$ cat final38.pdb   # PDB, C-alpha atoms, pLDDT in the B column
ATOM      1  CA  MET Y   1      12.609  18.839 -10.379  1.00 83.00           C
ATOM      2  CA  LYS Y   2       8.864  18.546 -10.141  1.00 90.00           C
ATOM      3  CA  LEU Y   3       7.106  15.617 -11.843  1.00 93.00           C
ATOM      4  CA  GLU Y   4       3.513  16.054 -12.893  1.00 96.00           C
ATOM      5  CA  ILE Y   5       1.399  13.512 -14.769  1.00 98.00           C
ATOM      6  CA  GLN Y   6      -1.730  14.706 -16.510  1.00 98.00           C
ATOM      7  CA  SER Y   7      -4.210  13.594 -19.103  1.00 98.00           C
ATOM      8  CA  ILE Y   8      -3.393  15.305 -22.396  1.00 98.00           C
ATOM      9  CA  GLY Y   9      -5.147  15.822 -25.705  1.00 97.00           C
ATOM     10  CA  ASN Y  10      -4.639  17.029 -29.251  1.00 97.00           C
ATOM     11  CA  SER Y  11      -3.032  20.314 -28.200  1.00 97.00           C
ATOM     12  CA  TYR Y  12       0.010  18.246 -27.164  1.00 97.00           C
ATOM     13  CA  SER Y  13       0.273  16.235 -30.395  1.00 97.00           C
ATOM     14  CA  GLU Y  14       3.362  18.037 -31.648  1.00 97.00           C
ATOM     15  CA  GLN Y  15       5.277  17.542 -28.391  1.00 97.00           C
ATOM     16  CA  VAL Y  16       4.162  13.886 -28.162  1.00 98.00           C
ATOM     17  CA  ILE Y  17       5.242  13.201 -31.753  1.00 97.00           C
ATOM     18  CA  ASP Y  18       8.634  14.799 -31.115  1.00 97.00           C
ATOM     19  CA  LEU Y  19       9.137  12.754 -27.933  1.00 98.00           C
ATOM     20  CA  ILE Y  20       8.060   9.416 -29.394  1.00 96.00           C
ATOM     21  CA  LEU Y  21       9.627   9.618 -32.866  1.00 96.00           C
ATOM     22  CA  THR Y  22      12.964  10.709 -31.400  1.00 96.00           C
ATOM     23  CA  ILE Y  23      13.045   7.647 -29.145  1.00 95.00           C
ATOM     24  CA  GLN Y  24      11.782   5.233 -31.819  1.00 92.00           C
ATOM     25  CA  GLN Y  25      13.943   6.441 -34.692  1.00 94.00           C
ATOM     26  CA  LYS Y  26      17.102   7.890 -33.158  1.00 95.00           C
ATOM     27  CA  GLU Y  27      17.563   5.820 -30.029  1.00 93.00           C
ATOM     28  CA  PHE Y  28      16.276   2.422 -31.154  1.00 90.00           C
ATOM     29  CA  ASN Y  29      16.565   2.723 -34.950  1.00 90.00           C
ATOM     30  CA  ILE Y  30      13.005   1.520 -35.433  1.00 87.00           C
ATOM     31  CA  PRO Y  31      11.931   2.340 -39.008  1.00 87.00           C
ATOM     32  CA  ILE Y  32       8.602   3.930 -38.037  1.00 88.00           C
ATOM     33  CA  THR Y  33       7.192   7.304 -39.040  1.00 92.00           C
ATOM     34  CA  ILE Y  34       4.299   9.527 -38.056  1.00 95.00           C
ATOM     35  CA  GLU Y  35       2.412   8.081 -41.046  1.00 94.00           C
ATOM     36  CA  ASP Y  36       2.565   4.701 -39.262  1.00 91.00           C
ATOM     37  CA  GLN Y  37       1.077   6.274 -36.124  1.00 92.00           C
ATOM     38  CA  PRO Y  38      -1.815   8.527 -37.161  1.00 94.00           C
ATOM     39  CA  ASP Y  39      -3.297   8.143 -33.659  1.00 95.00           C
ATOM     40  CA  LEU Y  40      -0.745  10.699 -32.448  1.00 96.00           C
ATOM     41  CA  LEU Y  41      -2.430  13.334 -34.609  1.00 96.00           C
ATOM     42  CA  ARG Y  42      -5.847  12.619 -33.106  1.00 96.00           C
ATOM     43  CA  ILE Y  43      -5.294  11.692 -29.484  1.00 97.00           C
ATOM     44  CA  GLU Y  44      -8.789  12.625 -28.353  1.00 97.00           C
ATOM     45  CA  SER Y  45     -10.771  10.714 -30.980  1.00 96.00           C
ATOM     46  CA  PHE Y  46      -8.456   7.681 -31.007  1.00 96.00           C
ATOM     47  CA  TYR Y  47      -7.896   7.197 -27.275  1.00 97.00           C
ATOM     48  CA  LYS Y  48     -10.441   9.128 -25.253  1.00 97.00           C
ATOM     49  CA  GLU Y  49     -13.711   8.769 -27.151  1.00 95.00           C
ATOM     50  CA  ALA Y  50     -13.665   4.964 -26.843  1.00 92.00           C
ATOM     51  CA  GLY Y  51     -13.050   5.140 -23.085  1.00 97.00           C
ATOM     52  CA  GLY Y  52      -9.261   5.143 -22.934  1.00 98.00           C
ATOM     53  CA  ASN Y  53      -6.904   7.997 -22.161  1.00 98.00           C
ATOM     54  CA  PHE Y  54      -3.487   9.496 -22.930  1.00 98.00           C
ATOM     55  CA  TRP Y  55      -1.165  10.867 -20.245  1.00 98.00           C
ATOM     56  CA  GLY Y  56       1.954  12.976 -20.342  1.00 98.00           C
ATOM     57  CA  ALA Y  57       4.706  13.144 -17.730  1.00 98.00           C
ATOM     58  CA  PHE Y  58       6.072  16.647 -17.300  1.00 98.00           C
ATOM     59  CA  VAL Y  59       9.209  17.674 -15.437  1.00 96.00           C
ATOM     60  CA  ASP Y  60       9.277  21.401 -14.788  1.00 94.00           C
ATOM     61  CA  GLY Y  61       6.806  21.867 -17.645  1.00 94.00           C
ATOM     62  CA  GLU Y  62       8.699  19.769 -20.219  1.00 96.00           C
ATOM     63  CA  LEU Y  63       7.017  16.676 -21.691  1.00 98.00           C
ATOM     64  CA  VAL Y  64       9.408  13.818 -20.855  1.00 98.00           C
ATOM     65  CA  GLY Y  65       7.157  10.758 -20.971  1.00 98.00           C
ATOM     66  CA  SER Y  66       3.888   9.332 -22.213  1.00 98.00           C
ATOM     67  CA  ILE Y  67       1.542   6.387 -21.815  1.00 98.00           C
ATOM     68  CA  ALA Y  68      -1.813   5.686 -23.425  1.00 98.00           C
ATOM     69  CA  LEU Y  69      -4.692   3.290 -23.016  1.00 98.00           C
ATOM     70  CA  VAL Y  70      -6.785   1.991 -25.889  1.00 97.00           C
ATOM     71  CA  LYS Y  71     -10.022   0.523 -24.559  1.00 97.00           C
ATOM     72  CA  PHE Y  72     -10.830  -2.184 -27.087  1.00 97.00           C
ATOM     73  CA  ASP Y  73     -13.431  -4.217 -25.228  1.00 96.00           C
ATOM     74  CA  GLU Y  74     -15.901  -3.766 -22.367  1.00 95.00           C
ATOM     75  CA  LYS Y  75     -13.345  -4.748 -19.712  1.00 97.00           C
ATOM     76  CA  ALA Y  76     -10.060  -4.815 -21.645  1.00 98.00           C
ATOM     77  CA  GLY Y  77      -7.484  -2.280 -22.738  1.00 98.00           C
ATOM     78  CA  ALA Y  78      -4.117  -2.085 -24.465  1.00 98.00           C
ATOM     79  CA  ILE Y  79      -1.180  -0.027 -23.272  1.00 98.00           C
ATOM     80  CA  ARG Y  80       0.318   2.093 -26.008  1.00 96.00           C
ATOM     81  CA  LYS Y  81       2.889   4.840 -26.416  1.00 96.00           C
ATOM     82  CA  MET Y  82       4.839   4.172 -23.214  1.00 96.00           C
ATOM     83  CA  PHE Y  83       7.958   6.273 -23.663  1.00 96.00           C
ATOM     84  CA  VAL Y  84      10.286   8.174 -21.349  1.00 97.00           C
ATOM     85  CA  LYS Y  85      13.136  10.399 -22.563  1.00 97.00           C
ATOM     86  CA  LYS Y  86      16.466   8.677 -21.996  1.00 95.00           C
ATOM     87  CA  GLU Y  87      17.833  11.260 -19.567  1.00 94.00           C
ATOM     88  CA  PHE Y  88      14.712  10.933 -17.392  1.00 95.00           C
ATOM     89  CA  ARG Y  89      14.666   7.122 -17.116  1.00 93.00           C
ATOM     90  CA  GLY Y  90      15.557   5.065 -14.094  1.00 85.00           C
ATOM     91  CA  LYS Y  91      14.589   4.623 -10.465  1.00 80.00           C
ATOM     92  CA  GLU Y  92      15.576   8.143  -9.406  1.00 85.00           C
ATOM     93  CA  LEU Y  93      12.506   9.835 -10.893  1.00 89.00           C
ATOM     94  CA  ASN Y  94      10.571   6.592 -11.446  1.00 94.00           C
ATOM     95  CA  ILE Y  95       8.573   8.201 -14.273  1.00 97.00           C
ATOM     96  CA  ALA Y  96       7.700   4.964 -16.090  1.00 96.00           C
ATOM     97  CA  GLN Y  97       6.343   3.480 -12.863  1.00 97.00           C
ATOM     98  CA  GLU Y  98       4.339   6.628 -12.099  1.00 97.00           C
ATOM     99  CA  LEU Y  99       2.847   6.579 -15.602  1.00 98.00           C
ATOM    100  CA  LEU Y 100       1.909   2.899 -15.333  1.00 98.00           C
ATOM    101  CA  ASP Y 101       0.391   3.437 -11.867  1.00 98.00           C
ATOM    102  CA  VAL Y 102      -1.803   6.271 -13.198  1.00 98.00           C
ATOM    103  CA  LEU Y 103      -2.986   4.069 -16.083  1.00 98.00           C
ATOM    104  CA  ILE Y 104      -3.754   1.097 -13.795  1.00 98.00           C
ATOM    105  CA  SER Y 105      -5.626   3.355 -11.381  1.00 98.00           C
ATOM    106  CA  PHE Y 106      -7.695   4.687 -14.320  1.00 98.00           C
ATOM    107  CA  CYS Y 107      -8.459   1.085 -15.347  1.00 98.00           C
ATOM    108  CA  ARG Y 108      -9.630   0.160 -11.851  1.00 97.00           C
ATOM    109  CA  LYS Y 109     -11.924   3.209 -11.698  1.00 97.00           C
ATOM    110  CA  ASN Y 110     -13.350   2.429 -15.116  1.00 97.00           C
ATOM    111  CA  GLY Y 111     -13.928  -1.323 -14.820  1.00 97.00           C
ATOM    112  CA  ILE Y 112     -11.082  -2.396 -17.096  1.00 97.00           C
ATOM    113  CA  ASN Y 113      -9.778  -5.685 -15.659  1.00 97.00           C
ATOM    114  CA  ASP Y 114      -7.439  -6.924 -18.360  1.00 98.00           C
ATOM    115  CA  LEU Y 115      -4.482  -5.008 -19.735  1.00 98.00           C
ATOM    116  CA  TYR Y 116      -2.518  -6.136 -22.769  1.00 98.00           C
ATOM    117  CA  LEU Y 117       0.442  -4.719 -24.612  1.00 97.00           C
ATOM    118  CA  GLY Y 118       2.770  -5.472 -27.441  1.00 96.00           C
ATOM    119  CA  THR Y 119       6.423  -4.553 -27.626  1.00 93.00           C
ATOM    120  CA  ILE Y 120       9.434  -5.479 -29.701  1.00 89.00           C
ATOM    121  CA  THR Y 121      12.385  -7.737 -28.997  1.00 90.00           C
ATOM    122  CA  VAL Y 122      14.948  -4.915 -29.039  1.00 86.00           C
ATOM    123  CA  LEU Y 123      13.255  -3.125 -26.109  1.00 88.00           C
ATOM    124  CA  LYS Y 124      14.760  -5.327 -23.374  1.00 91.00           C
ATOM    125  CA  ALA Y 125      14.432  -2.768 -20.563  1.00 90.00           C
ATOM    126  CA  ALA Y 126      10.733  -2.362 -21.356  1.00 92.00           C
ATOM    127  CA  GLN Y 127      10.233  -6.124 -21.105  1.00 96.00           C
ATOM    128  CA  ARG Y 128      11.983  -6.242 -17.724  1.00 96.00           C
ATOM    129  CA  PHE Y 129       9.866  -3.306 -16.543  1.00 96.00           C
ATOM    130  CA  TYR Y 130       6.585  -5.027 -17.451  1.00 97.00           C
ATOM    131  CA  GLU Y 131       7.722  -8.314 -15.916  1.00 97.00           C
ATOM    132  CA  ARG Y 132       8.641  -6.521 -12.664  1.00 97.00           C
ATOM    133  CA  ASN Y 133       5.077  -5.181 -12.698  1.00 97.00           C
ATOM    134  CA  GLU Y 134       3.644  -8.711 -12.872  1.00 97.00           C
ATOM    135  CA  PHE Y 135       2.717  -8.684 -16.554  1.00 98.00           C
ATOM    136  CA  LEU Y 136       2.900 -12.195 -17.981  1.00 98.00           C
ATOM    137  CA  LYS Y 137       4.186 -12.989 -21.440  1.00 98.00           C
ATOM    138  CA  THR Y 138       1.458 -14.277 -23.704  1.00 97.00           C
ATOM    139  CA  GLY Y 139       1.445 -15.636 -27.213  1.00 96.00           C
ATOM    140  CA  LYS Y 140       0.159 -13.629 -30.137  1.00 96.00           C
ATOM    141  CA  SER Y 141      -2.434 -16.352 -30.719  1.00 96.00           C
ATOM    142  CA  ASP Y 142      -3.687 -15.916 -27.124  1.00 96.00           C
ATOM    143  CA  LEU Y 143      -4.499 -12.226 -27.526  1.00 97.00           C
ATOM    144  CA  PRO Y 144      -8.167 -11.209 -27.553  1.00 97.00           C
ATOM    145  CA  VAL Y 145      -9.692 -11.028 -31.033  1.00 95.00           C
ATOM    146  CA  LYS Y 146     -10.215  -7.266 -30.743  1.00 96.00           C
ATOM    147  CA  PHE Y 147      -6.660  -6.508 -29.532  1.00 97.00           C
ATOM    148  CA  PRO Y 148      -5.316  -3.634 -31.683  1.00 94.00           C
ATOM    149  CA  LEU Y 149      -2.167  -5.220 -33.150  1.00 91.00           C
ATOM    150  CA  MET Y 150       0.753  -3.045 -34.191  1.00 86.00           C
ATOM    151  CA  SER Y 151       2.750  -4.521 -37.054  1.00 81.00           C
ATOM    152  CA  ALA Y 152       6.142  -4.018 -35.353  1.00 82.00           C
ATOM    153  CA  ASP Y 153       5.215  -5.807 -32.120  1.00 91.00           C
ATOM    154  CA  ASP Y 154       6.510  -9.327 -31.643  1.00 94.00           C
ATOM    155  CA  ILE Y 155       6.285  -9.818 -27.852  1.00 97.00           C
ATOM    156  CA  PHE Y 156       3.021  -9.583 -25.931  1.00 98.00           C
ATOM    157  CA  TYR Y 157       2.054  -9.242 -22.292  1.00 98.00           C
ATOM    158  CA  HIS Y 158      -1.108  -9.505 -20.211  1.00 98.00           C
ATOM    159  CA  LEU Y 159      -1.991  -8.301 -16.709  1.00 98.00           C
ATOM    160  CA  ASN Y 160      -5.196  -9.087 -14.871  1.00 97.00           C
ATOM    161  CA  ILE Y 161      -5.951  -6.247 -12.448  1.00 94.00           C
ATOM    162  CA  ASP Y 162      -9.044  -7.570 -10.688  1.00 79.00           C
TER     163      ASP Y 162
END

$ encode --input "final38.pdb" --output "structure tokens"
Amino acid sequence: MKLEIQSIGNSYSEQVIDLILTIQQKEFNIPITIEDQPDLLRIESFYKEAGGNFWGAFVDGELVGSIALVKFDEKAGAIRKMFVKKEFRGKELNIAQELLDVLISFCRKNGINDLYLGTITVLKAAQRFYERNEFLKTGKSDLPVKFPLMSADDIFYHLNID
């Protein structure tokens, strides 16, 4: 199995939507639809034009994971759309870690020093993953004013990458 992580755009929208909605709806029973996530239909204008990016993890050509960065301030960004297909999770392939490392490297190259993210209580493994990567829990009231809140999120993290 060969893992490849690359920046992706609108031509991958359909595959990204299939990956993400399957995990959200079928695996975690989160009542969210594509209508709640219009950014997935316009990856380039939503993520890239403002200085962020969107990456896909491919194993033997199949999209099995994603991560995105929304740049919402001069030196701050929000992690979004971090998903890995169930059968590709875990330390063996380390896809989530590889995706996060690519995003952090992009931030360093582009002068983004503060990373934030929101997640939901039910995603316990995601919380452990971020905590292992030195993200610190932060209160909703401590988020930057411009942080792009998602209505479902109820737990928030911050990482300073200076």

$ resolve_selection --input "final38.pdb" --expression "the PyMOL selection byres ((chain Y and resi 2) around 7)" --output "PDB file with C-alpha atoms, in the coordinates of the input"
ATOM      1  CA  MET Y   1      12.609  18.839 -10.379  1.00 83.00           C
ATOM      2  CA  LEU Y   3       7.106  15.617 -11.843  1.00 93.00           C
ATOM      3  CA  GLU Y   4       3.513  16.054 -12.893  1.00 96.00           C
ATOM      4  CA  VAL Y  59       9.209  17.674 -15.437  1.00 96.00           C
ATOM      5  CA  ASP Y  60       9.277  21.401 -14.788  1.00 94.00           C
TER       6      ASP Y  60
END

$ residues_around --input "final38.pdb" --residues "Val70 in chain Y" --least-positions-apart "2" --cutoff "12 Å" --atoms "all atoms listed in the file" --output "PyMOL selection string"
chain Y and resi 39+43-55+67-68+72-81+103+106-107+112+114-117+146-149

$ resolve_selection --input "final38.pdb" --expression "the PyMOL selection byres ((chain Y and resi 25-34) around 12)" --output "ChimeraX atom specification"
/Y:13-14,16-24,35-42,83-87,119-125,150-153

$ closest_residue --input "final38.pdb" --among "Y:Met82, Y:Ile161, Y:Ile5, Y:Val102" --to "Leu63 in chain Y" --atoms "only C-alpha atoms"
Y:Ile5

$ resolve_selection --input "final38.pdb" --expression "the PyMOL selection byres ((chain Y and resi 158) around 9)" --output "PyMOL selection string"
chain Y and resi 114-117+134-138+143+156-157+159-160

$ atom_distance --input "final38.pdb" --atom1 "CA of Ile8 in chain Y" --atom2 "CA of Ile155 in chain Y"
27.5 Å

$ atom_distance --input "final38.pdb" --atom1 "CA of Phe88 in chain Y" --atom2 "CA of Gly65 in chain Y"
8.4 Å

$ atom_distance --input "final38.pdb" --atom1 "CA of Ser11 in chain Y" --atom2 "CA of Ser105 in chain Y"
24.0 Å

$ axis_aligned_box --input "final38.pdb" --around "range 56-59 of chain Y" --padding-each-side "5 Å" --output "lines of an AutoDock Vina configuration file"
center_x = 5.6
center_y = 15.3
center_z = -17.9
size_x = 17.3
size_y = 14.7
size_z = 14.9
